[in-house]
Amino acid sequence: MGIGGLAHLVRSRVWPRPEAVLPLSRDVTPGVAVRVGTGPGDLGVFRGPTGATAAPQPPTAGEPPAGAAAGPGPAAEAAVAPMPPGPTAAPPPTGETPRRSFALLDCDDAVVAEREFELKVGLAPEPTERVAFGVIVRPERITGGYTMTIHVLADGFTIRADEAWRRDVHVTGEAPYPQFVLHLTAEPQQSDVVDRTIQAYFSIDGEPVGFAARPIRVARRAELAAAPPPAPSEAVTLMSAPTGRPVADLTVHIANGKSEADGRFRWIMVTPHDVKLPDEPLEIELGDKPDGFAKKIALSGAAKDGRPDLYIHMVGLGRRVADQIPEQFWDVLSALYERIGKRPPTILLSTEEPYVPWELAVLDPPLDANAPPFLGAQAVVGRWVPGRASATRPARPPLVPPPEVRVSAMAVVCGRYQRAPLLEAEREAREIVAAYSAVTVNADSVDVLRCVGHGDPRAELLHFALHGRYEPDGDHDGLILIDGEMLDPDDVLGSTLQWSPFVFLNACQVGSGEKVLGDYAGLAHAFLRAGASGVVAPLWSVQDGVARELAIRFYDQAFHGSSPADVLRLERARFKDAPDTVTATFLAYQYFGHPAMKISR
């Protein structure tokens, strides 16, 4: 995810922008509208010893990204479970093993459709030419020999019936660079030449430690295979996974399929526990407009608020979300729940799919019958998003979701609106300032841009209590400031959050996912791209008073050892079929960050 997991393979064309309408609100104004789209780009490559381009190196495993604390803290360490040996895997011999190695994905640059060829997969002491990224870093906690799991993903190819896409290899001091061979065959095709990509995910004890991808040209006939292979693009684009502690009980990589246009996505699961996982990537079909489906959910969450049928309506929507999830995921989750002692499992979603709120998926039957059936109330869920890097530019968001954020100073952005005042938000700001000696930032454009763009005042935690606007058919979305200006995603993307703050956007609809030019957009991801260590943002309109109470509880629990993801799990658990909880505000908040992250002061 950043794992944070996966190659962010951006196509070299811009897809038509689907449109929809959402209401606006932590305020009282109905929504006006914003345009949403998808987008372009090419897969860059990592040059081998003969190439000129080198991909950026990932942070050393176990080390936090810039701006994060040095470790996850004792509470996070307790959540890390060692992986019991599998039923058929013999313990590898001990001995010194390299800390850093390189992914091996070796095959012909061009192959012929329907003809079998060999793909050599494994580890190598030097970079492999034409492999994008590909640096594999062994975590410091691993000593001696170990077992590495390699999961290959190759859309448009099949392998022999007696082979598997997911393989375990033993890394030892005597054999530090294990390899194996897969026999691939490209599927039949109508086009003369098709450029495809082979990807591989590398993990140790359920902890993703690297990702690699290489382009390959598939020709319909042998004479066409002699054409030069696709030229490497200048940028190296990747979806990488967190490589440091703590380790989630289950990490799910959600990767684009053969193309973004057909709505196909592949799910790959990784766990540190002795739970059987599928050997094949799991395919789902979201159709050509997954954003429209997600926006319908957001619209319903606001429109049904306070109505007697709200609960059953949200359960119905949650079942629609659950129908999009591979059946094997539920089997793995159920087995994992039993394995870890029936506590809420931690789940990291490292996803290239920005629209669907998987946290709302309904479990049937639920893991915990005393909690609402939504995944985000049954489990401790965090999201991460693709990191992108070039040979000279580090990935943003960072490759590793930080395990901890240490807060020496807080800032609260708030103000009094002349029209449609937010009285509960003003009270929320006063209470947070008083409780945590936070600095107040007046919500006018000058002060807010100084805070976001220049880090003045210093703050490792930024809380916004403002009106928000999301316009599916218009050109303006973001945070509405008291002087009538708007803090939009481009303003945030143009900033550098030098203190790597944790950001809580307590305004409506600023968490909604949208795509622009093939990348994540929207305010939540803009803050991550600018350097935020984590973001909390609602997907739809929230009730002012409930939002205030939720924010107060959030900080009280987070500063006393609970992870942000677990705090939001407990908030979602408040959404019950009862007269005093008929508001969807409890379900509205998404969390971007590691599920075991801690916030300390």
# chains A, B, ... in the order shown; residues from 1 in each chain; ligands from 1
>>> residues_around(residues="range 371-376 of chain A", least_positions_apart="2", cutoff="7 Å", atoms="only C-alpha atoms", output="JSON, numbers by chain")
{"A": [318, 359, 360, 361, 362, 363, 366, 368, 369, 378, 379, 380, 381, 569, 572, 573, 575, 576]}
>>> select_by_dssp(residues="range 427-583 of chain A", states="alpha helix (DSSP H)", output="PyMOL selection string")
chain A and resi 427-436+445-454+489-493+522-530+544-558+564-572
>>> select_by_dssp(residues="range 276-439 of chain A", states="strand (DSSP E or B)", output="PyMOL selection string")
chain A and resi 282-285+346-351+362+374+380-384+388-389+396+404-406+410-414+439
>>> residues_around(residues="range 302-313 of chain A", least_positions_apart="2", cutoff="10 Å", atoms="only C-alpha atoms", output="PDB file with C-alpha atoms, in the first residue's frame")
ATOM      1  CA  LEU A  22     -23.722  14.557  -4.105  1.00  0.00           C
ATOM      2  CA  PRO A  23     -25.238  16.757  -1.438  1.00  0.00           C
ATOM      3  CA  LEU A  24     -23.041  19.024   0.532  1.00  0.00           C
ATOM      4  CA  SER A  25     -22.900  19.496   4.127  1.00  0.00           C
ATOM      5  CA  ILE A 297     -23.836   5.146  -1.245  1.00  0.00           C
ATOM      6  CA  ALA A 298     -22.590   8.558  -0.122  1.00  0.00           C
ATOM      7  CA  LEU A 299     -25.762  10.227  -1.319  1.00  0.00           C
ATOM      8  CA  SER A 300     -27.942   7.693   0.501  1.00  0.00           C
ATOM      9  CA  VAL A 315     -27.399  -2.597   5.742  1.00  0.00           C
ATOM     10  CA  GLY A 316     -28.853  -3.011   2.255  1.00  0.00           C
ATOM     11  CA  LEU A 317     -26.152  -0.805   0.763  1.00  0.00           C
ATOM     12  CA  GLY A 318     -23.539  -2.665   2.792  1.00  0.00           C
ATOM     13  CA  ARG A 319     -24.707  -5.935   1.284  1.00  0.00           C
ATOM     14  CA  PRO A 372     -23.150  -3.836  13.705  1.00  0.00           C
ATOM     15  CA  CYS A 508     -18.557  16.877   5.039  1.00  0.00           C
ATOM     16  CA  GLN A 509     -17.728  14.858   1.943  1.00  0.00           C
ATOM     17  CA  LEU A 539     -17.612  10.376   3.055  1.00  0.00           C
ATOM     18  CA  TRP A 540     -20.918  12.228   3.344  1.00  0.00           C
ATOM     19  CA  SER A 541     -22.754  14.951   5.247  1.00  0.00           C
ATOM     20  CA  VAL A 542     -22.381  14.654   9.014  1.00  0.00           C
ATOM     21  CA  GLN A 543     -24.569  16.014  11.793  1.00  0.00           C
ATOM     22  CA  PHE A 575     -24.630   2.820  14.628  1.00  0.00           C
ATOM     23  CA  LYS A 576     -27.456   0.560  15.723  1.00  0.00           C
ATOM     24  CA  ASP A 577     -31.091   0.071  14.881  1.00  0.00           C
ATOM     25  CA  ALA A 578     -32.293   2.238  17.755  1.00  0.00           C
ATOM     26  CA  PRO A 579     -34.064   5.625  17.993  1.00  0.00           C
ATOM     27  CA  ASP A 580     -31.109   7.395  19.615  1.00  0.00           C
ATOM     28  CA  THR A 581     -28.603   6.375  16.931  1.00  0.00           C
ATOM     29  CA  VAL A 582     -30.476   6.966  13.681  1.00  0.00           C
ATOM     30  CA  THR A 583     -27.711   8.995  12.106  1.00  0.00           C
ATOM     31  CA  ALA A 584     -25.234   7.738   9.541  1.00  0.00           C
ATOM     32  CA  THR A 585     -22.566  10.100  10.909  1.00  0.00           C
ATOM     33  CA  ALA A 588     -19.241   8.297   7.635  1.00  0.00           C
TER      34      ALA A 588
END
>>> residues_around(residues="Pro178 in chain A", least_positions_apart="3", cutoff="7 Å", atoms="only C-alpha atoms", output="list in words")
Gly122, Leu123, Val169, His170, Val171 and Ala175 of chain A
>>> write_last_selection(atoms="N, CA, C and O atoms", output="PDB file, in the first residue's frame")
ATOM      1  N   GLY A 122      12.223 -14.874  -8.471  1.00  0.00           N
ATOM      2  CA  GLY A 122      12.940 -15.075  -7.216  1.00  0.00           C
ATOM      3  C   GLY A 122      13.715 -13.851  -6.796  1.00  0.00           C
ATOM      4  O   GLY A 122      13.283 -12.717  -7.021  1.00  0.00           O
ATOM      5  N   LEU A 123      14.870 -14.084  -6.174  1.00  0.00           N
ATOM      6  CA  LEU A 123      15.731 -13.011  -5.690  1.00  0.00           C
ATOM      7  C   LEU A 123      17.055 -13.036  -6.438  1.00  0.00           C
ATOM      8  O   LEU A 123      17.486 -14.085  -6.922  1.00  0.00           O
ATOM      9  N   VAL A 169       9.551 -19.664  -0.898  1.00  0.00           N
ATOM     10  CA  VAL A 169      10.957 -20.009  -1.126  1.00  0.00           C
ATOM     11  C   VAL A 169      11.722 -19.829   0.171  1.00  0.00           C
ATOM     12  O   VAL A 169      11.362 -18.984   1.004  1.00  0.00           O
ATOM     13  N   HIS A 170      12.761 -20.622   0.377  1.00  0.00           N
ATOM     14  CA  HIS A 170      13.581 -20.531   1.579  1.00  0.00           C
ATOM     15  C   HIS A 170      14.832 -19.710   1.276  1.00  0.00           C
ATOM     16  O   HIS A 170      15.561 -20.007   0.324  1.00  0.00           O
ATOM     17  N   VAL A 171      15.068 -18.697   2.075  1.00  0.00           N
ATOM     18  CA  VAL A 171      16.251 -17.841   1.933  1.00  0.00           C
ATOM     19  C   VAL A 171      17.203 -18.206   3.066  1.00  0.00           C
ATOM     20  O   VAL A 171      16.845 -18.100   4.248  1.00  0.00           O
ATOM     21  N   ALA A 175      22.039 -20.352   0.546  1.00  0.00           N
ATOM     22  CA  ALA A 175      21.311 -20.112  -0.712  1.00  0.00           C
ATOM     23  C   ALA A 175      20.491 -18.839  -0.555  1.00  0.00           C
ATOM     24  O   ALA A 175      19.270 -18.893  -0.368  1.00  0.00           O
TER      25      ALA A 175
END
>>> closest_residue(among="A:Met597, A:Met314, A:Leu184, A:Val275", to="Arg339 in chain A", atoms="only C-alpha atoms")
A:Val275
>>> atom_distance(atom1="CA of Asp491 in chain A", atom2="CA of Val412 in chain A")
18.4 Å
>>> residues_around(residues="Thr346 in chain A", least_positions_apart="3", cutoff="10 Å", atoms="only C-alpha atoms", output="PDB file with C-alpha atoms, in the first residue's frame")
ATOM      1  CA  ALA A  79      -0.395  -6.432  18.037  1.00  0.00           C
ATOM      2  CA  VAL A 247       2.113  -5.944  10.672  1.00  0.00           C
ATOM      3  CA  ALA A 248      -1.632  -6.048  10.026  1.00  0.00           C
ATOM      4  CA  ASP A 249      -3.414  -9.344  10.635  1.00  0.00           C
ATOM      5  CA  LEU A 250      -4.525  -9.179   7.005  1.00  0.00           C
ATOM      6  CA  THR A 251      -3.242  -7.016   4.184  1.00  0.00           C
ATOM      7  CA  ARG A 343     -10.561 -10.272  18.740  1.00  0.00           C
ATOM      8  CA  GLN A 378     -16.243  -5.758  12.967  1.00  0.00           C
ATOM      9  CA  ALA A 379     -12.552  -5.169  12.220  1.00  0.00           C
ATOM     10  CA  VAL A 380      -9.890  -2.493  12.689  1.00  0.00           C
ATOM     11  CA  VAL A 381      -9.557  -1.160   9.136  1.00  0.00           C
ATOM     12  CA  GLY A 382      -7.056   1.266   7.628  1.00  0.00           C
ATOM     13  CA  ALA A 565      -8.561   2.845  13.210  1.00  0.00           C
ATOM     14  CA  ASP A 566      -9.809   1.181  16.394  1.00  0.00           C
ATOM     15  CA  HIS A 594      -1.942   1.875   9.159  1.00  0.00           C
ATOM     16  CA  PRO A 595      -4.587   0.114  11.286  1.00  0.00           C
ATOM     17  CA  ALA A 596      -2.126  -0.208  14.186  1.00  0.00           C
TER      18      ALA A 596
END
>>> closest_residue(among="A:Arg166, A:His454, A:His525, A:His463", to="Ala551 in chain A", atoms="only C-alpha atoms")
A:His463
